[in-house]
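Text of the file query.pdb, holding PDB, C-alpha atoms:
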```
ATOM      1  CA  MET P 177       1.812  -1.155  60.733
ATOM      2  CA  LYS P 178      -0.728  -0.269  63.420
ATOM      3  CA  ILE P 179       0.785   0.979  66.702
ATOM      4  CA  ALA P 180      -1.011   1.312  70.043
ATOM      5  CA  MET P 181       0.397   3.559  72.770
ATOM      6  CA  TYR P 182      -0.821   1.992  76.006
ATOM      7  CA  GLY P 183      -0.512   4.757  78.596
ATOM      8  CA  SER P 184      -0.851   8.140  76.925
ATOM      9  CA  GLY P 185       0.007  10.628  79.643
ATOM     10  CA  ALA P 186       2.768  13.203  79.154
ATOM     11  CA  ALA P 187       5.516  10.852  77.947
ATOM     12  CA  GLY P 188       3.192   8.513  76.044
ATOM     13  CA  SER P 189       1.550  11.450  74.263
ATOM     14  CA  VAL P 190       4.913  12.938  73.286
ATOM     15  CA  PHE P 191       6.273   9.613  72.033
ATOM     16  CA  ALA P 192       3.056   8.947  70.108
ATOM     17  CA  SER P 193       3.072  12.471  68.660
ATOM     18  CA  TYR P 194       6.523  12.035  67.153
ATOM     19  CA  LEU P 195       5.369   8.732  65.639
ATOM     20  CA  ARG P 196       2.156  10.247  64.286
ATOM     21  CA  LYS P 197       4.025  13.257  62.905
ATOM     22  CA  GLY P 198       6.205  10.726  61.075
ATOM     23  CA  GLY P 199       3.222   9.004  59.503
ATOM     24  CA  ALA P 200       2.458   6.191  61.939
ATOM     25  CA  ASP P 201      -1.028   4.689  62.181
ATOM     26  CA  MET P 202      -1.541   5.504  65.888
ATOM     27  CA  ILE P 203      -3.996   4.395  68.546
ATOM     28  CA  LEU P 204      -3.908   5.996  71.998
ATOM     29  CA  ILE P 205      -5.194   4.118  75.048
ATOM     30  CA  ASP P 206      -5.469   5.830  78.411
ATOM     31  CA  ARG P 207      -7.960   5.985  81.271
ATOM     32  CA  TYR P 208      -7.812   9.811  81.278
ATOM     33  CA  LYS P 209     -11.082  10.226  79.361
ATOM     34  CA  GLU P 210     -10.958  14.009  79.070
ATOM     35  CA  HIS P 211      -7.573  13.786  77.363
ATOM     36  CA  MET P 212      -8.675  10.977  75.045
ATOM     37  CA  ASP P 213     -11.880  12.815  74.112
ATOM     38  CA  LYS P 214     -10.046  16.075  73.425
ATOM     39  CA  VAL P 215      -7.490  14.390  71.155
ATOM     40  CA  ALA P 216     -10.231  12.505  69.301
ATOM     41  CA  LYS P 217     -12.193  15.721  68.751
ATOM     42  CA  ASP P 218      -9.484  18.301  68.036
ATOM     43  CA  GLY P 219      -6.213  16.402  67.643
ATOM     44  CA  MET P 220      -3.072  16.760  69.770
ATOM     45  CA  LYS P 221      -1.453  20.157  70.271
ATOM     46  CA  PHE P 222       2.188  19.053  70.082
ATOM     47  CA  THR P 223       4.879  21.505  71.162
ATOM     48  CA  ILE P 224       8.605  20.856  70.741
ATOM     49  CA  HIS P 225      10.446  23.219  73.123
ATOM     50  CA  LEU P 226      13.890  23.639  71.564
ATOM     51  CA  GLN P 227      16.973  25.341  72.949
ATOM     52  CA  GLU P 228      19.253  26.870  70.322
ATOM     53  CA  GLY P 229      22.220  29.034  71.248
ATOM     54  CA  GLY P 230      20.902  29.639  74.739
ATOM     55  CA  GLU P 231      17.503  30.732  73.416
ATOM     56  CA  TYR P 232      14.295  28.715  73.450
ATOM     57  CA  ARG P 233      11.802  28.537  70.598
ATOM     58  CA  ASP P 234       8.657  26.473  70.248
ATOM     59  CA  ILE P 235       7.559  24.428  67.259
ATOM     60  CA  VAL P 236       3.813  23.915  67.602
ATOM     61  CA  GLU P 237       1.694  21.600  65.476
ATOM     62  CA  GLN P 238      -1.872  20.310  65.753
ATOM     63  CA  LEU P 239      -1.701  16.612  64.947
ATOM     64  CA  THR P 240      -4.811  14.782  63.825
ATOM     65  CA  GLY P 241      -5.590  11.193  62.878
ATOM     66  CA  PHE P 242      -5.259   9.556  66.303
ATOM     67  CA  ARG P 243      -7.920   7.057  67.354
ATOM     68  CA  THR P 244      -8.397   7.116  71.110
ATOM     69  CA  TYR P 245      -9.830   4.664  73.648
ATOM     70  CA  THR P 246     -10.036   4.394  77.409
ATOM     71  CA  SER P 247      -9.503   0.605  77.440
ATOM     72  CA  ALA P 248      -7.816  -2.057  75.331
ATOM     73  CA  ALA P 249     -11.107  -3.945  75.135
ATOM     74  CA  ASP P 250     -12.764  -0.946  73.447
ATOM     75  CA  ALA P 251      -9.782  -0.574  71.112
ATOM     76  CA  ALA P 252      -9.872  -4.265  70.189
ATOM     77  CA  ALA P 253     -13.585  -4.123  69.432
ATOM     78  CA  ALA P 254     -13.006  -1.286  66.960
ATOM     79  CA  GLU P 255      -9.534  -2.082  65.635
ATOM     80  CA  GLY P 256      -8.773  -5.752  66.159
ATOM     81  CA  PRO P 257      -5.210  -6.771  67.037
ATOM     82  CA  VAL P 258      -2.394  -4.300  66.377
ATOM     83  CA  ASP P 259       1.174  -4.837  65.187
ATOM     84  CA  ILE P 260       3.025  -3.068  68.009
ATOM     85  CA  VAL P 261       1.955  -2.191  71.548
ATOM     86  CA  ILE P 262       4.168   0.404  73.226
ATOM     87  CA  PHE P 263       3.758   0.517  76.998
ATOM     88  CA  MET P 264       4.191   3.947  78.571
ATOM     89  CA  THR P 265       2.531   3.509  81.964
ATOM     90  CA  LYS P 266       4.371   3.963  85.229
ATOM     91  CA  ALA P 267       6.830   1.110  85.718
ATOM     92  CA  THR P 268       4.969   0.048  88.844
ATOM     93  CA  GLN P 269       1.808  -0.372  86.730
ATOM     94  CA  LEU P 270       3.374  -2.387  83.917
ATOM     95  CA  GLU P 271       2.459  -5.905  85.032
ATOM     96  CA  GLN P 272      -1.214  -4.999  85.333
ATOM     97  CA  ALA P 273      -1.051  -2.988  82.091
ATOM     98  CA  ILE P 274       0.212  -6.028  80.198
ATOM     99  CA  GLN P 275      -2.759  -8.062  81.381
ATOM    100  CA  ASP P 276      -5.211  -5.253  80.617
ATOM    101  CA  ALA P 277      -3.745  -4.788  77.123
ATOM    102  CA  MET P 278      -4.114  -8.423  76.048
ATOM    103  CA  PRO P 279      -7.307  -7.836  73.980
ATOM    104  CA  ILE P 280      -5.280  -5.881  71.365
ATOM    105  CA  PHE P 281      -2.567  -8.543  71.067
ATOM    106  CA  GLY P 282      -2.470 -11.023  68.222
ATOM    107  CA  GLU P 283      -0.106 -13.955  67.887
ATOM    108  CA  ASN P 284       2.516 -11.789  66.139
ATOM    109  CA  THR P 285       2.025  -8.514  68.022
ATOM    110  CA  VAL P 286       5.312  -7.065  69.292
ATOM    111  CA  ALA P 287       5.376  -5.796  72.904
ATOM    112  CA  CYS P 288       7.539  -2.726  73.516
ATOM    113  CA  SER P 289       8.420  -1.026  76.797
ATOM    114  CA  LEU P 290       9.844   2.486  76.575
ATOM    115  CA  ILE P 291       9.260   2.968  80.308
ATOM    116  CA  ASN P 292      11.996   4.334  82.533
ATOM    117  CA  GLY P 293      13.479   2.059  85.149
ATOM    118  CA  LEU P 294      14.968  -1.367  85.704
ATOM    119  CA  GLY P 295      13.157  -4.695  85.406
ATOM    120  CA  ASN P 296      10.580  -3.746  82.752
ATOM    121  CA  ASP P 297      12.036  -6.313  80.371
ATOM    122  CA  ASP P 298      11.533  -9.121  82.890
ATOM    123  CA  LYS P 299       7.856  -8.165  83.194
ATOM    124  CA  LEU P 300       7.442  -8.486  79.423
ATOM    125  CA  PHE P 301       9.307 -11.819  79.352
ATOM    126  CA  LYS P 302       6.853 -13.337  81.819
ATOM    127  CA  VAL P 303       4.159 -13.093  79.141
ATOM    128  CA  PHE P 304       5.859 -12.844  75.744
ATOM    129  CA  PRO P 305       8.877 -14.584  74.167
ATOM    130  CA  LYS P 306      11.967 -12.387  73.863
ATOM    131  CA  SER P 307      11.619 -12.669  70.084
ATOM    132  CA  ARG P 308       8.483 -10.486  70.366
ATOM    133  CA  CYS P 309       9.869  -7.890  72.813
ATOM    134  CA  ILE P 310      11.451  -4.480  72.301
ATOM    135  CA  ILE P 311      12.889  -2.379  75.116
ATOM    136  CA  GLY P 312      14.211   1.147  75.269
ATOM    137  CA  SER P 313      13.575   4.641  76.620
ATOM    138  CA  GLY P 314      13.374   8.278  75.648
ATOM    139  CA  VAL P 315      15.953  10.912  76.537
ATOM    140  CA  LEU P 316      13.839  14.057  76.647
ATOM    141  CA  GLY P 317      11.644  16.030  78.970
ATOM    142  CA  THR P 318       7.870  15.685  78.630
ATOM    143  CA  ALA P 319       4.840  17.503  79.992
ATOM    144  CA  MET P 320       1.067  17.595  79.492
ATOM    145  CA  PRO P 321      -0.155  21.131  80.292
ATOM    146  CA  ALA P 322      -3.817  20.351  79.571
ATOM    147  CA  PRO P 323      -6.012  17.668  77.980
ATOM    148  CA  GLY P 324      -5.180  17.369  74.304
ATOM    149  CA  GLU P 325      -1.746  18.970  74.693
ATOM    150  CA  CYS P 326       1.792  17.688  75.200
ATOM    151  CA  VAL P 327       5.253  19.242  75.231
ATOM    152  CA  SER P 328       8.603  17.708  74.324
ATOM    153  CA  THR P 329      11.826  19.255  75.664
ATOM    154  CA  PRO P 330      14.769  17.526  73.947
ATOM    155  CA  SER P 331      18.046  17.223  75.854
ATOM    156  CA  GLY P 332      21.057  17.132  73.557
ATOM    157  CA  ASP P 333      21.129  15.069  70.387
ATOM    158  CA  VAL P 334      19.809  11.566  71.111
ATOM    159  CA  GLN P 335      16.128  11.531  72.003
ATOM    160  CA  MET P 336      15.150   7.862  71.771
ATOM    161  CA  ASN P 337      16.876   4.468  72.006
ATOM    162  CA  PHE P 338      15.258   1.087  71.437
ATOM    163  CA  GLY P 339      16.058  -2.403  70.234
ATOM    164  CA  GLY P 340      14.869  -5.972  70.324
ATOM    165  CA  ALA P 341      15.483  -7.845  73.552
ATOM    166  CA  GLU P 342      16.277 -10.619  71.085
ATOM    167  CA  ARG P 343      16.649  -9.948  67.396
ATOM    168  CA  SER P 344      14.047 -11.701  65.267
ATOM    169  CA  GLU P 345      12.110 -11.088  62.082
ATOM    170  CA  LEU P 346       9.272  -9.570  64.117
ATOM    171  CA  THR P 347      11.371  -7.265  66.301
ATOM    172  CA  ASP P 348      13.551  -6.167  63.382
ATOM    173  CA  LYS P 349      10.485  -5.265  61.293
ATOM    174  CA  ALA P 350       8.915  -3.372  64.202
ATOM    175  CA  CYS P 351      12.138  -1.511  65.053
ATOM    176  CA  GLU P 352      12.676  -0.546  61.419
ATOM    177  CA  HIS P 353       9.160   0.895  61.192
ATOM    178  CA  MET P 354       9.429   2.746  64.528
ATOM    179  CA  LEU P 355      12.802   4.184  63.491
ATOM    180  CA  LYS P 356      11.428   5.533  60.218
ATOM    181  CA  CYS P 357       8.369   7.108  61.867
ATOM    182  CA  TYR P 358      10.362   8.643  64.712
ATOM    183  CA  ARG P 359      12.983  10.071  62.369
ATOM    184  CA  ASP P 360      10.373  11.367  59.908
ATOM    185  CA  GLY P 361       8.550  12.926  62.868
ATOM    186  CA  GLY P 362      11.605  14.896  63.959
ATOM    187  CA  CYS P 363      12.727  12.654  66.821
ATOM    188  CA  ASP P 364      16.439  11.816  66.864
ATOM    189  CA  ALA P 365      15.840   8.100  67.455
ATOM    190  CA  TYR P 366      18.273   5.188  67.283
ATOM    191  CA  TRP P 367      17.714   1.488  66.740
ATOM    192  CA  ARG P 368      20.374  -0.090  68.944
ATOM    193  CA  LYS P 369      20.556  -3.443  67.228
ATOM    194  CA  ASP P 370      23.088  -5.185  69.457
ATOM    195  CA  ASP P 371      23.605  -3.116  72.627
ATOM    196  CA  ILE P 372      20.242  -1.834  73.817
ATOM    197  CA  TYR P 373      20.977  -2.689  77.459
ATOM    198  CA  TYR P 374      23.850  -0.202  77.498
ATOM    199  CA  TYR P 375      21.434   2.588  76.592
ATOM    200  CA  VAL P 376      18.750   1.366  78.998
ATOM    201  CA  TRP P 377      21.255   1.583  81.838
ATOM    202  CA  LYS P 378      22.422   5.039  80.762
ATOM    203  CA  LYS P 379      18.848   6.348  80.841
ATOM    204  CA  VAL P 380      18.218   4.704  84.218
ATOM    205  CA  ILE P 381      21.283   6.437  85.619
ATOM    206  CA  VAL P 382      20.175   9.808  84.207
ATOM    207  CA  ASN P 383      16.755   9.426  85.832
ATOM    208  CA  ALA P 384      18.053   8.061  89.131
ATOM    209  CA  THR P 385      20.388  11.057  89.260
ATOM    210  CA  VAL P 386      18.477  14.165  88.171
ATOM    211  CA  ASN P 387      14.900  12.991  88.794
ATOM    212  CA  THR P 388      15.476  11.718  92.295
ATOM    213  CA  VAL P 389      17.901  14.351  93.571
ATOM    214  CA  CYS P 390      15.704  17.168  92.233
ATOM    215  CA  ALA P 391      12.628  15.582  93.825
ATOM    216  CA  ALA P 392      14.414  15.254  97.178
ATOM    217  CA  THR P 393      15.793  18.818  97.087
ATOM    218  CA  ARG P 394      12.763  20.415  95.376
ATOM    219  CA  LEU P 395      15.054  22.170  92.909
ATOM    220  CA  LYS P 396      15.506  22.468  89.157
ATOM    221  CA  ILE P 397      18.444  20.529  87.719
ATOM    222  CA  LYS P 398      20.690  23.579  87.256
ATOM    223  CA  TYR P 399      20.332  24.704  90.863
ATOM    224  CA  VAL P 400      21.342  21.301  92.202
ATOM    225  CA  ALA P 401      24.327  21.231  89.837
ATOM    226  CA  GLU P 402      25.452  24.735  90.847
ATOM    227  CA  THR P 403      25.595  23.729  94.533
ATOM    228  CA  GLU P 404      28.584  21.688  95.699
ATOM    229  CA  PRO P 405      26.601  19.344  98.005
ATOM    230  CA  GLY P 406      23.934  18.957  95.300
ATOM    231  CA  TYR P 407      26.439  17.964  92.655
ATOM    232  CA  ALA P 408      27.983  15.536  95.166
ATOM    233  CA  LEU P 409      24.577  13.799  95.323
ATOM    234  CA  PHE P 410      24.486  13.606  91.527
ATOM    235  CA  GLU P 411      27.977  12.132  91.485
ATOM    236  CA  GLY P 412      27.219   9.625  94.236
ATOM    237  CA  VAL P 413      24.249   8.199  92.337
ATOM    238  CA  VAL P 414      26.238   7.971  89.099
ATOM    239  CA  ARG P 415      29.259   6.208  90.586
ATOM    240  CA  GLU P 416      27.183   3.675  92.529
ATOM    241  CA  ALA P 417      24.876   2.925  89.603
ATOM    242  CA  ALA P 418      27.779   2.583  87.157
ATOM    243  CA  ALA P 419      29.396   0.040  89.471
ATOM    244  CA  ILE P 420      26.154  -1.963  89.640
ATOM    245  CA  ALA P 421      25.598  -1.892  85.855
ATOM    246  CA  THR P 422      29.158  -3.014  85.236
ATOM    247  CA  ALA P 423      28.866  -5.847  87.757
ATOM    248  CA  ARG P 424      25.687  -7.003  85.994
ATOM    249  CA  GLY P 425      27.437  -7.176  82.622
ATOM    250  CA  THR P 426      26.880  -3.720  81.092
ATOM    251  CA  HIS P 427      30.012  -1.591  81.426
ATOM    252  CA  ILE P 428      29.370   2.061  82.275
ATOM    253  CA  ASP P 429      32.317   4.418  82.821
ATOM    254  CA  ALA P 430      31.306   6.770  85.651
ATOM    255  CA  ASP P 431      33.873   9.462  84.791
ATOM    256  CA  ASP P 432      32.766   9.539  81.156
ATOM    257  CA  PHE P 433      29.109   9.633  82.186
ATOM    258  CA  LEU P 434      29.696  12.617  84.475
ATOM    259  CA  ALA P 435      31.762  14.476  81.892
ATOM    260  CA  HIS P 436      29.385  13.968  78.978
ATOM    261  CA  ASP P 437      25.919  12.558  79.738
ATOM    262  CA  LEU P 438      25.255  14.444  82.963
ATOM    263  CA  ALA P 439      26.938  17.589  81.641
ATOM    264  CA  ASP P 440      24.667  17.512  78.560
ATOM    265  CA  ILE P 441      21.562  17.178  80.739
ATOM    266  CA  ILE P 442      22.619  20.132  82.905
ATOM    267  CA  THR P 443      23.387  22.262  79.828
ATOM    268  CA  ASN P 444      20.298  21.397  77.786
ATOM    269  CA  ILE P 445      17.480  21.003  80.308
ATOM    270  CA  GLY P 446      18.930  22.539  83.458
ATOM    271  CA  ASP P 447      15.978  24.939  83.722
ATOM    272  CA  TYR P 448      13.544  22.049  84.202
ATOM    273  CA  TYR P 449      11.814  20.144  86.983
ATOM    274  CA  PRO P 450      12.229  16.483  85.905
ATOM    275  CA  SER P 451       9.326  14.051  86.029
ATOM    276  CA  MET P 452       9.801  12.706  89.558
ATOM    277  CA  CYS P 453      10.146  16.250  90.825
ATOM    278  CA  GLN P 454       6.844  17.078  89.114
ATOM    279  CA  ASP P 455       5.281  13.995  90.728
ATOM    280  CA  VAL P 456       6.378  15.100  94.197
ATOM    281  CA  LEU P 457       5.982  18.891  93.984
ATOM    282  CA  MET P 458       3.060  19.442  91.653
ATOM    283  CA  HIS P 459       0.947  16.314  91.572
ATOM    284  CA  GLN P 460       1.740  14.423  94.796
ATOM    285  CA  ARG P 461       1.750  11.128  92.917
ATOM    286  CA  GLN P 462       3.492   7.863  93.602
ATOM    287  CA  THR P 463       6.914   7.931  91.957
ATOM    288  CA  GLU P 464       9.140   5.402  90.187
ATOM    289  CA  ILE P 465      11.688   5.382  93.023
ATOM    290  CA  SER P 466      11.371   1.608  93.465
ATOM    291  CA  VAL P 467      12.514   0.864  89.886
ATOM    292  CA  LEU P 468      15.227   3.512  89.849
ATOM    293  CA  ASN P 469      17.338   4.146  92.973
ATOM    294  CA  GLY P 470      15.467   1.465  94.909
ATOM    295  CA  GLN P 471      16.315  -1.202  92.342
ATOM    296  CA  ILE P 472      19.926  -0.018  92.108
ATOM    297  CA  ALA P 473      20.145  -0.381  95.900
ATOM    298  CA  ALA P 474      18.519  -3.833  95.740
ATOM    299  CA  TYR P 475      21.023  -4.997  93.114
ATOM    300  CA  GLY P 476      23.809  -3.592  95.300
ATOM    301  CA  LYS P 477      22.691  -5.764  98.218
ATOM    302  CA  GLU P 478      22.592  -8.834  95.964
ATOM    303  CA  LEU P 479      26.092  -8.108  94.652
ATOM    304  CA  GLY P 480      27.670  -6.884  97.894
ATOM    305  CA  ILE P 481      28.315  -3.424  96.432
ATOM    306  CA  PRO P 482      27.611  -0.475  98.799
ATOM    307  CA  THR P 483      25.082   2.082  97.504
ATOM    308  CA  PRO P 484      24.752   4.619 100.355
ATOM    309  CA  THR P 485      23.576   7.547  98.189
ATOM    310  CA  ASN P 486      20.900   5.487  96.472
ATOM    311  CA  ASP P 487      19.876   3.927  99.805
ATOM    312  CA  ILE P 488      19.264   7.319 101.429
ATOM    313  CA  LEU P 489      17.524   8.865  98.407
ATOM    314  CA  THR P 490      15.190   5.850  98.214
ATOM    315  CA  LEU P 491      14.269   6.290 101.871
ATOM    316  CA  VAL P 492      13.754  10.053 101.506
ATOM    317  CA  ILE P 493      11.471   9.854  98.456
ATOM    318  CA  SER P 494       9.572   6.853  99.865
ATOM    319  CA  THR P 495       8.936   8.814 103.072
ATOM    320  CA  ILE P 496       7.740  11.901 101.201
ATOM    321  CA  GLN P 497       5.318  10.017  98.971
ATOM    322  CA  ALA P 498       3.873   8.175 101.965
ATOM    323  CA  ASN P 499       3.090  11.500 103.672
ATOM    324  CA  TYR P 500       1.832  13.894 101.032
ATOM    325  CA  GLU P 501      -1.173  14.933 103.087
ATOM    326  CA  ARG P 502       1.072  15.778 106.049
ATOM    327  CA  LEU P 503       3.611  17.941 104.218
ATOM    328  CA  TYR P 504       4.034  21.589 105.210
ATOM    329  CA  PRO P 505       1.830  23.650 104.987
ATOM    330  CA  ASN P 506      -0.803  20.883 105.031
ATOM    331  CA  GLY P 507       0.413  19.004 108.102
TER     332      GLY P 507
END
```

Would you write out, as structure tokens, the structure that this file holds?
Amino acid sequence: MKIAMYGSGAAGSVFASYLRKGGADMILIDRYKEHMDKVAKDGMKFTIHLQEGGEYRDIVEQLTGFRTYTSAADAAAAEGPVDIVIFMTKATQLEQAIQDAMPIFGENTVACSLINGLGNDDKLFKVFPKSRCIIGSGVLGTAMPAPGECVSTPSGDVQMNFGGAERSELTDKACEHMLKCYRDGGCDAYWRKDDIYYYVWKKVIVNATVNTVCAATRLKIKYVAETEPGYALFEGVVREAAAIATARGTHIDADDFLAHDLADIITNIGDYYPSMCQDVLMHQRQTEISVLNGQIAAYGKELGIPTPTNDILTLVISTIQANYERLYPNG
């Protein structure tokens, strides 16, 4: 099966690298021409940054065999339609990305979103039947130090969850192939055949917690967790989001999440600036706040469930990203 990764920045490159390492026939599509050209010429320098017994070690491999393009139209001209399109753009870019990617879609192409955040499935359903849609997300840190390079920092055991929004012959075949390639590539991936929304919500809560609080406080995960007021922010996000998920039909136990999921994140990638923190501190980019804490807060208003922690964090991050050029010491 031919797979296209539409959006091949840090996360897209890491996800595609695991697939390629596992034998997948991979196409990368991204507007970052320098990155695409470097991968086409030299391959992808893929680093897996592992923690074992409190020590880190790197597994580094130069992966070749990618075909790279800066647009879906160029990919379609060379490749024709593909079997699976995995979207790894920013969530706020997904609707436009779907339209831009249409040249590589055939009548049986499966659309897959592994993008963080809430509402990505609804964006797919506007264009494709549920029987051709896969949703999911990764549970690992990602970075792109330079063009042609990407780094994966796994957090705990599970690294990838996905499943058909509706089980069908097409989504089952695509999920089976993705599972084999991810597993053969060293990614601890899981095909969640009947409960993918549970895992989507768990990843959303992880991101809304560590990504947003670290971005607002400008701290690594472990430093927030070691500080009583910082951990209180973590806990506030978790309890509010768990209440919203449960009210929307996906039960999440907040106490269990704090004791296991959040604790695993703090233990395994505590010495890490998560992606939203990188967006705010290092790159001054627009963040995914609107599809994380902002969407949790919006659901809370619809349901009549208070979300004060998520409300405030949404306002703080939205204010920061609207004023990058005015931040100290620039302002």

With the file shown as input, list the residues that the PyMOL selection byres ((chain P and resi 427-430) around 8) selects, as a PDB file with C-alpha atoms, in the coordinates of the input.
```pdb
ATOM      1  CA  TYR P 374      23.850  -0.202  77.498  1.00  0.00           C
ATOM      2  CA  LYS P 378      22.422   5.039  80.762  1.00  0.00           C
ATOM      3  CA  VAL P 414      26.238   7.971  89.099  1.00  0.00           C
ATOM      4  CA  ARG P 415      29.259   6.208  90.586  1.00  0.00           C
ATOM      5  CA  ALA P 418      27.779   2.583  87.157  1.00  0.00           C
ATOM      6  CA  ALA P 419      29.396   0.040  89.471  1.00  0.00           C
ATOM      7  CA  ALA P 421      25.598  -1.892  85.855  1.00  0.00           C
ATOM      8  CA  THR P 422      29.158  -3.014  85.236  1.00  0.00           C
ATOM      9  CA  ALA P 423      28.866  -5.847  87.757  1.00  0.00           C
ATOM     10  CA  GLY P 425      27.437  -7.176  82.622  1.00  0.00           C
ATOM     11  CA  THR P 426      26.880  -3.720  81.092  1.00  0.00           C
ATOM     12  CA  ASP P 431      33.873   9.462  84.791  1.00  0.00           C
ATOM     13  CA  ASP P 432      32.766   9.539  81.156  1.00  0.00           C
ATOM     14  CA  PHE P 433      29.109   9.633  82.186  1.00  0.00           C
ATOM     15  CA  LEU P 434      29.696  12.617  84.475  1.00  0.00           C
TER      16      LEU P 434
END
```

- Item | Explicit residues for the PyMOL selection byres ((chain P and resi 208) around 9) (as a ChimeraX atom specification) | /P:184-185,205-207,209-213,246,323

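Of note, atom CA of Pro405 of chain P and atom CA of Thr495 of chain P are spaced 21.2 Å apart.
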
Can you tell me, as a PDB file with C-alpha atoms, in the coordinates of the input, what residues are no more than 6 Å from Tyr194 of chain P when counting only C-alpha atoms, ignoring any on the same chain fewer than 2 positions away?
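What follows is the written file result_25.pdb:
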```pdb
ATOM      1  CA  PHE P 191       6.273   9.613  72.033  1.00  0.00           C
ATOM      2  CA  ALA P 192       3.056   8.947  70.108  1.00  0.00           C
ATOM      3  CA  ARG P 196       2.156  10.247  64.286  1.00  0.00           C
ATOM      4  CA  LYS P 197       4.025  13.257  62.905  1.00  0.00           C
ATOM      5  CA  TYR P 358      10.362   8.643  64.712  1.00  0.00           C
ATOM      6  CA  GLY P 361       8.550  12.926  62.868  1.00  0.00           C
TER       7      GLY P 361
END
```

- Task: Run the PyMOL selection byres ((chain P and resi 311) around 8) on the file and write out the hits as a ChimeraX atom specification.
- Result: /P:288-290,297,309-310,312-313,338-341,372,376

- Just the residues within 7 Å of segment 462-472 of chain P, please, counting all atoms listed in the file, with nothing from its chain fewer than 6 positions along; format it as a PyMOL selection string. chain P and resi 267-268+293-294+380+384+417+420+452+455+486+490+497

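Here the question is which of P:Lys178, P:Lys306, P:Arg343, P:Arg502 gets nearest to Gly282 of chain P using all atoms listed in the file, and that residue is P:Lys178.
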
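Distance annotation: of P:Arg461, P:Lys396, P:Lys214, P:Lys221, the residue with the minimal separation from Ser193 of chain P is P:Lys221; atom set is only C-alpha atoms.
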
- Scan for residues within 9 Å of the point (26.1, 16.1, 86.5) in the coordinates of the file, using all atoms listed in the file, and reply as an MDAnalysis selection string. chainID P and resid 382 385:386 397 401 407:408 410:411 414 433:442

- Item | Residue nearest Asp250 of chain P among P:Leu355, P:Ile262, P:Met458, P:Ala277 (counting only C-alpha atoms) | P:Ala277

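Note that the spacing between atom CA of Lys349 of chain P and atom CA of Ile179 of chain P amounts to 12.7 Å.
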
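Atom CA of Thr244 of chain P sits 11.1 Å away from atom CA of Met220 of chain P.
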
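For Ser328 of chain P, the residues within 8 Å (counting only C-alpha atoms, excluding itself and residues fewer than 3 positions away along the chain) are Val190, Phe222, Thr223, Ile224, His225, Leu316, Gly317, Thr318 and Ala319 of chain P.
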
- Query: Using all atoms listed in the file, which of P:Gly480, P:Tyr375, P:Asn387, P:Trp367 sits nearest His353 of chain P?
  - Reply: P:Trp367

- Item | Residues within 10 Å of Gly256 of chain P, all atoms listed in the file, excluding chain neighbours under 5 positions, as a count of residues only | 8

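Distances from P:Leu239, P:Met181, P:Val286, P:Ile445 to Met264 of chain P were compared using only C-alpha atoms, and the smallest one belongs to P:Met181.
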